[in-house]
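Right, one structure below, let's go through it.
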Amino acid sequence: MDIINALVAIANYVLIPGMAYGSQLALGALGVTLVYGILRFSNFAHGDMMAFGTTITILFTWWFQSMGLHFGVLPTALLALPFGIGGAILLALGTDRTVYRFYRRKKADPVILVIVSMGVMFIMNGIVRFIIGVNDQNFADGSRFIISAREWKEWTGLAEPLALKSTQALTVVVAILVVAALFWFLNRTRTGKSMRAFSDNEDLALLSGINPERVVAVTWIIVAALATVAGVLYGLDKSFKAFTYFQLLLPIFASAIVGGLGNPLGAIAGGFVIAFSEVTVTYAWKKVVTYLLPESMAPDGLVQLLSTDYKFAVSFGILIIVLLFKPTGLFKGQSV
Amino acid sequence: MLYREAGDFKTSYAEDNQTFPIKFDRWRYYVVLAFAFLVVPFIITDYWANAIFVPFLIYAIAALGLNILTGYCGQVSLGTGGFMAVGAYAVYKLMTAFPEVSIVVHVLLAGGVTAVVGVLFGLPSLRIKGFYLAVATLAAQFFLVWLFNKVPWFYNYSASGQINAPERTVLGVIVTGPATEAWAKYMICLVFVTVLAIIARNLTRGAQGRKWMAIRDMDIAAEIIGVNPMRAKLTAFAVSSFFIGVSGALFFSVYLGAVEVGEAFGINKSFLVLFMIIIGGLGSVFGAFAGAAFLVLLPVGLKVLGVDILGWPTDIVAHVQLVIVGGMIIAFLILEPHGLAQLWRLAKEKLRLWPFPY
């Protein structure tokens, strides 16, 4: 029995990665949920918008690095982030002008808009591959660890290591800042209030003199910014590959739906639910169980419920259960 | 001038309701069939069969199936790739378990198995619709691919995890396995396509098709006039999955011969077939063929143009292809939501009035 070591092992392998991944998913799901709330369709192109914003950020990061510009212990990518956001905003407003506005005017079915966004997804995917190719790109720099495994052992004398990567801490901090800013914006400013009104009841909002084009444009700007931040954080934490971002779309959708589409609070909760269940189900619990049980009962196998290849299966399992039993999500969202 | 109803007198109700009411169309249809059955098999080469004709025919079956579900019954599905995989693995298990039974029977049985699986995954459609249903079928896609990868029973415990089609014959001609000749591949697919297309046409214009369309246009109104939504939706899932299962079975046994599930039946296949029916035209049998032809020819055409003529690197051409397909989807949904089939219909209408359009 060694409860402290067991707790440290859980913190190291489940809690910290889960928190970081959960923040990334929550930021992504917030974007999906905002588009759903205001524009009333599910944006399949979100993953590729993340990829596009990240691509621009990476290009600027490389440019800054080649000029010898660094950001101290923090990754240079943070300096390049505003430019990435700017690029993503231009792209989002551009697609809205050329594509989505047409369907909005025509009051097309949501399903048509979903299929349209798949088309947009393919185009963005092609553009990203054009610019940066399909290979892995690593663009993290600055210091790697806040607490490295060796330092931890020296400080505490415990057998179990604990490592905190700086990107993981950064992810959580940035996510909290961004979410706080977003909620302040939605609840306190005039534009934010008009957005919420528009999302609640479009006709009433129009009657009270809210300009729909302005609301939509502001939504796209926020969504593009959120997508880029989420994409860059994910890229810093893992690595950037155009195809992973497309796959990331699935857990993001799952988070948004589990939390309740159109509900920002739900998106955040959903992101953490999905992230923690993915991490816990695919984590090999052998270490923790060995610490907790007496030695005679130590397990032989890995005590892993599913291999890590199938972490997407977890989000879909949760998704199906929620869709069948509570289609509006954990927090009351909108139902189609 | 030739393209007129005038002078072509119908004397029975059946004649009045035929698929091609205009004589010229009827003859054109017979000529196309005769050409496909009697001329193409003698001139077809390996390249033409493998690059164009066989994939076109097989995708046409899949597109017909998805069109029944999405185009006629209005249920969006992103699980096509997964259902094709069900057909492929069913036919593989049947082929290896009962080698003495004809492959044609196996392909049809594989379609039946897929229909059952399709109904199972269609059950959520009773509670959810639109985008949520799309996500649920997407889950089917991932779950099925995962299942076929994970359970060794499905690939007979082979070390590579691949399934390979053993050699089977129809009327003494080898149709599966590596020794198959181009014309045999082409003929077996052609026979299946022709029969299934006739079935699809007759199902969709009969009572069943009208029920599906009623559900698609407005489910509550359909329920009030006496269409049972549960039965209509589940039959649509069953028939559609049957078609898709047959196409998956042919795709594996006749076309590829050896399949690794994630690669051959991944999510991209689902998108591909969905795009086929959008570009071809939702709710139209001709549209399924047009869309399949278009999306099979597009990569071949782009490769010939980009790589062979302009000398671009292959990967750039692949990226361009993505952009073009995405652009086509958006353009078709803006300019012509009913796809190539509607363009074809308009052209025929114009031709019928020409040269005196008043």
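Labels for the structure tokens follow display order: chains A, B, ..., residues from 1 in each chain, ligands from 1.
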
Contact table chain A vs chain B, cut-off 10 Å, shortest pair per residue, only C-alpha atoms, as CSV:
```
residue,atom,partner,partner_atom,distance
A:Phe41,CA,B:Phe131,CA,8.2
A:Ser42,CA,B:Phe131,CA,7.3
A:Val99,CA,B:Ile330,CA,7.4
A:Tyr100,CA,B:Ile330,CA,9.6
A:Phe102,CA,B:Ile334,CA,7.7
A:Tyr103,CA,B:Ile334,CA,7.8
A:Lys106,CA,B:Ile334,CA,9.9
A:Asp109,CA,B:Gly130,CA,9.3
A:Pro110,CA,B:Gly130,CA,7.6
A:Val111,CA,B:Gly130,CA,5.9
A:Ile112,CA,B:Leu333,CA,7.9
A:Leu113,CA,B:Leu333,CA,9.3
A:Val114,CA,B:Phe131,CA,7.3
A:Ile115,CA,B:Ile329,CA,8.1
A:Val116,CA,B:Ile330,CA,5.6
A:Ser117,CA,B:Ile330,CA,8.3
A:Met118,CA,B:Gly326,CA,7.4
A:Gly119,CA,B:Gly326,CA,4.0
A:Val120,CA,B:Gly326,CA,6.0
A:Met121,CA,B:Gly326,CA,7.2
A:Phe122,CA,B:Gly326,CA,4.9
A:Ile123,CA,B:Val323,CA,4.2
A:Met124,CA,B:Val323,CA,7.5
A:Asn125,CA,B:Leu322,CA,7.4
A:Gly126,CA,B:His319,CA,4.9
A:Ile127,CA,B:Val323,CA,7.3
A:Val128,CA,B:His319,CA,9.0
A:Arg129,CA,B:His319,CA,6.6
A:Phe130,CA,B:His319,CA,6.5
A:Gly133,CA,B:Asp315,CA,9.0
A:Val134,CA,B:Asp315,CA,9.6
A:Leu250,CA,B:Val135,CA,8.9
A:Phe253,CA,B:Val135,CA,8.5
A:Ala254,CA,B:Val135,CA,8.8
A:Ile257,CA,B:Tyr132,CA,8.7
A:Asp309,CA,B:Trp146,CA,9.4
A:Tyr310,CA,B:Trp146,CA,7.6
A:Phe312,CA,B:Phe142,CA,8.2
A:Ala313,CA,B:Phe143,CA,6.8
A:Ser315,CA,B:Ala139,CA,9.3
A:Phe316,CA,B:Ala139,CA,5.8
A:Gly317,CA,B:Ala139,CA,8.0
A:Leu319,CA,B:Ala136,CA,8.1
A:Ile320,CA,B:Ala136,CA,6.5
A:Leu323,CA,B:Tyr132,CA,7.6
A:Leu324,CA,B:Pro124,CA,6.9
A:Phe325,CA,B:Arg127,CA,9.5
A:Pro327,CA,B:Ile128,CA,7.8
A:Ser335,CA,B:Tyr132,CA,8.9
A:Val336,CA,B:Gly130,CA,7.1
```

List every residue of stretch 119-210 of chain B that DSSP, applied to the backbone of this structure, places in helix (DSSP H, G or I), and write the result as an MDAnalysis selection string. chainID B and resid 119:126 131:150 152:155 182:205 207:210

Would you mind listing what lies within 8 Å of B:Ala292 as a list in words, with only C-alpha atoms counted and same-chain residues fewer than 4 positions away left out? Phe56, Leu57, Tyr59, Ala60, Ala63, Val273, Met276, Ile277, Gly280, Ala288 and Val296 of chain B

Near-A:Phe64 list (8 Å; only C-alpha atoms; drop same-chain fewer than 4 positions) as an mmCIF file with C-alpha atoms, in the first residue's frame:
```cif
data_model
loop_
_atom_site.group_PDB
_atom_site.id
_atom_site.type_symbol
_atom_site.label_atom_id
_atom_site.label_comp_id
_atom_site.auth_asym_id
_atom_site.auth_seq_id
_atom_site.Cartn_x
_atom_site.Cartn_y
_atom_site.Cartn_z
ATOM 1 C CA PHE A 60 5.627 33.237 -38.464
ATOM 2 C CA GLY A 68 16.746 35.445 -33.715
ATOM 3 C CA LEU A 69 13.607 36.684 -31.978
ATOM 4 C CA HIS A 70 12.760 34.658 -28.865
ATOM 5 C CA THR A 76 8.118 31.752 -29.734
ATOM 6 C CA ALA A 80 3.375 34.562 -33.691
#
```

For atom CA of B:Ser270 and atom CA of B:Leu78, determine how far apart the two atoms are, in Å to one decimal place. 5.4 Å

Length of the atom CA of B:Ile199 to atom CA of B:Gly71 vector [Å]: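 Here the two named atoms are 16.0 Å from each other.
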
Of the listed residues B:Phe83, B:Trp183, B:Phe42, B:Tyr155, that which approaches B:Leu66 most closely, counting only C-alpha atoms: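 So, comparing all the options, the nearest one is B:Phe83.
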
Near stretch 164-171 of chain B, within 7 Å and counting only C-alpha atoms, which residues show up once chain neighbours fewer than 2 positions away are dropped, as a PyMOL selection string? chain B and resi 92+102-103+162+173-177+253+257-259

Contacts of stretch 51-55 of chain B at 8 Å or less, counting only C-alpha atoms, minus same-chain residues fewer than 4 places along, as a list in words? Tyr47, Tyr59, Lys185, Tyr186, Cys189, Phe251, Tyr255, Val296, Leu297 and Val300 of chain B

Kindly save the residues from that selection, with all heavy atoms included, as a JSON list (two decimals), in the first residue's frame.
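So the final result, stored in out-v4.json, reads:
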```json
[["chain", "number", "residue", "atom", "x", "y", "z"],
["B", 47, "TYR", "N", -6.00, -1.77, -67.96],
["B", 47, "TYR", "CA", -5.95, -0.42, -67.43],
["B", 47, "TYR", "C", -7.34, 0.19, -67.37],
["B", 47, "TYR", "O", -7.73, 0.75, -66.35],
["B", 47, "TYR", "CB", -5.04, 0.46, -68.29],
["B", 47, "TYR", "CG", -5.08, 1.90, -67.88],
["B", 47, "TYR", "CD1", -4.41, 2.33, -66.74],
["B", 47, "TYR", "CD2", -5.83, 2.83, -68.60],
["B", 47, "TYR", "CE1", -4.47, 3.63, -66.34],
["B", 47, "TYR", "CE2", -5.89, 4.15, -68.20],
["B", 47, "TYR", "CZ", -5.22, 4.55, -67.07],
["B", 47, "TYR", "OH", -5.28, 5.85, -66.66],
["B", 59, "TYR", "N", -18.86, 1.82, -57.49],
["B", 59, "TYR", "CA", -19.29, 3.03, -56.79],
["B", 59, "TYR", "C", -20.72, 3.39, -57.18],
["B", 59, "TYR", "O", -21.45, 3.99, -56.38],
["B", 59, "TYR", "CB", -18.35, 4.20, -57.08],
["B", 59, "TYR", "CG", -17.09, 4.14, -56.28],
["B", 59, "TYR", "CD1", -15.85, 4.21, -56.88],
["B", 59, "TYR", "CD2", -17.15, 4.02, -54.90],
["B", 59, "TYR", "CE1", -14.69, 4.15, -56.14],
["B", 59, "TYR", "CE2", -15.99, 3.96, -54.15],
["B", 59, "TYR", "CZ", -14.77, 4.03, -54.78],
["B", 59, "TYR", "OH", -13.62, 3.98, -54.04],
["B", 185, "LYS", "N", -14.07, -9.36, -64.67],
["B", 185, "LYS", "CA", -14.35, -8.40, -63.60],
["B", 185, "LYS", "C", -15.45, -7.46, -64.03],
["B", 185, "LYS", "O", -16.41, -7.19, -63.30],
["B", 185, "LYS", "CB", -13.09, -7.54, -63.33],
["B", 185, "LYS", "CG", -12.02, -8.20, -62.53],
["B", 185, "LYS", "CD", -10.95, -7.17, -62.24],
["B", 185, "LYS", "CE", -9.79, -7.83, -61.53],
["B", 185, "LYS", "NZ", -8.76, -6.88, -61.14],
["B", 186, "TYR", "N", -15.29, -6.94, -65.24],
["B", 186, "TYR", "CA", -16.22, -5.94, -65.73],
["B", 186, "TYR", "C", -17.62, -6.53, -65.85],
["B", 186, "TYR", "O", -18.61, -5.92, -65.41],
["B", 186, "TYR", "CB", -15.72, -5.45, -67.09],
["B", 186, "TYR", "CG", -16.71, -4.64, -67.85],
["B", 186, "TYR", "CD1", -16.92, -3.31, -67.52],
["B", 186, "TYR", "CD2", -17.43, -5.18, -68.89],
["B", 186, "TYR", "CE1", -17.84, -2.55, -68.20],
["B", 186, "TYR", "CE2", -18.35, -4.44, -69.59],
["B", 186, "TYR", "CZ", -18.55, -3.13, -69.24],
["B", 186, "TYR", "OH", -19.47, -2.39, -69.93],
["B", 189, "CYS", "N", -19.55, -7.17, -62.48],
["B", 189, "CYS", "CA", -20.01, -5.91, -61.89],
["B", 189, "CYS", "C", -21.17, -5.36, -62.71],
["B", 189, "CYS", "O", -22.15, -4.86, -62.15],
["B", 189, "CYS", "CB", -18.88, -4.89, -61.86],
["B", 189, "CYS", "SG", -17.59, -5.35, -60.72],
["B", 251, "PHE", "N", -16.34, -4.72, -54.29],
["B", 251, "PHE", "CA", -15.14, -3.89, -54.18],
["B", 251, "PHE", "C", -13.98, -4.72, -53.66],
["B", 251, "PHE", "O", -12.86, -4.64, -54.17],
["B", 251, "PHE", "CB", -15.43, -2.73, -53.23],
["B", 251, "PHE", "CG", -14.41, -1.64, -53.26],
["B", 251, "PHE", "CD1", -14.35, -0.79, -54.34],
["B", 251, "PHE", "CD2", -13.53, -1.45, -52.21],
["B", 251, "PHE", "CE1", -13.42, 0.23, -54.38],
["B", 251, "PHE", "CE2", -12.60, -0.43, -52.24],
["B", 251, "PHE", "CZ", -12.55, 0.41, -53.33],
["B", 255, "TYR", "N", -12.72, -6.29, -57.25],
["B", 255, "TYR", "CA", -11.86, -5.17, -57.65],
["B", 255, "TYR", "C", -10.49, -5.23, -56.99],
["B", 255, "TYR", "O", -9.47, -5.31, -57.67],
["B", 255, "TYR", "CB", -12.56, -3.86, -57.35],
["B", 255, "TYR", "CG", -11.77, -2.64, -57.70],
["B", 255, "TYR", "CD1", -11.16, -2.54, -58.95],
["B", 255, "TYR", "CD2", -11.62, -1.59, -56.82],
["B", 255, "TYR", "CE1", -10.42, -1.42, -59.31],
["B", 255, "TYR", "CE2", -10.90, -0.47, -57.15],
["B", 255, "TYR", "CZ", -10.30, -0.40, -58.40],
["B", 255, "TYR", "OH", -9.57, 0.71, -58.72],
["B", 296, "VAL", "N", -15.07, 9.23, -60.30],
["B", 296, "VAL", "CA", -14.05, 8.25, -60.68],
["B", 296, "VAL", "C", -13.15, 8.83, -61.76],
["B", 296, "VAL", "O", -11.94, 8.64, -61.77],
["B", 296, "VAL", "CB", -14.71, 6.93, -61.15],
["B", 296, "VAL", "CG1", -13.70, 6.04, -61.84],
["B", 296, "VAL", "CG2", -15.32, 6.20, -59.97],
["B", 297, "LEU", "N", -13.78, 9.59, -62.68],
["B", 297, "LEU", "CA", -13.00, 10.13, -63.78],
["B", 297, "LEU", "C", -12.14, 11.32, -63.36],
["B", 297, "LEU", "O", -11.08, 11.53, -63.92],
["B", 297, "LEU", "CB", -13.93, 10.57, -64.92],
["B", 297, "LEU", "CG", -14.53, 9.43, -65.72],
["B", 297, "LEU", "CD1", -15.52, 9.95, -66.73],
["B", 297, "LEU", "CD2", -13.43, 8.66, -66.43],
["B", 300, "VAL", "N", -8.54, 10.51, -62.33],
["B", 300, "VAL", "CA", -7.82, 10.00, -63.50],
["B", 300, "VAL", "C", -7.51, 11.14, -64.44],
["B", 300, "VAL", "O", -6.37, 11.32, -64.90],
["B", 300, "VAL", "CB", -8.66, 8.90, -64.20],
["B", 300, "VAL", "CG1", -7.93, 8.41, -65.43],
["B", 300, "VAL", "CG2", -8.94, 7.77, -63.25]]
```
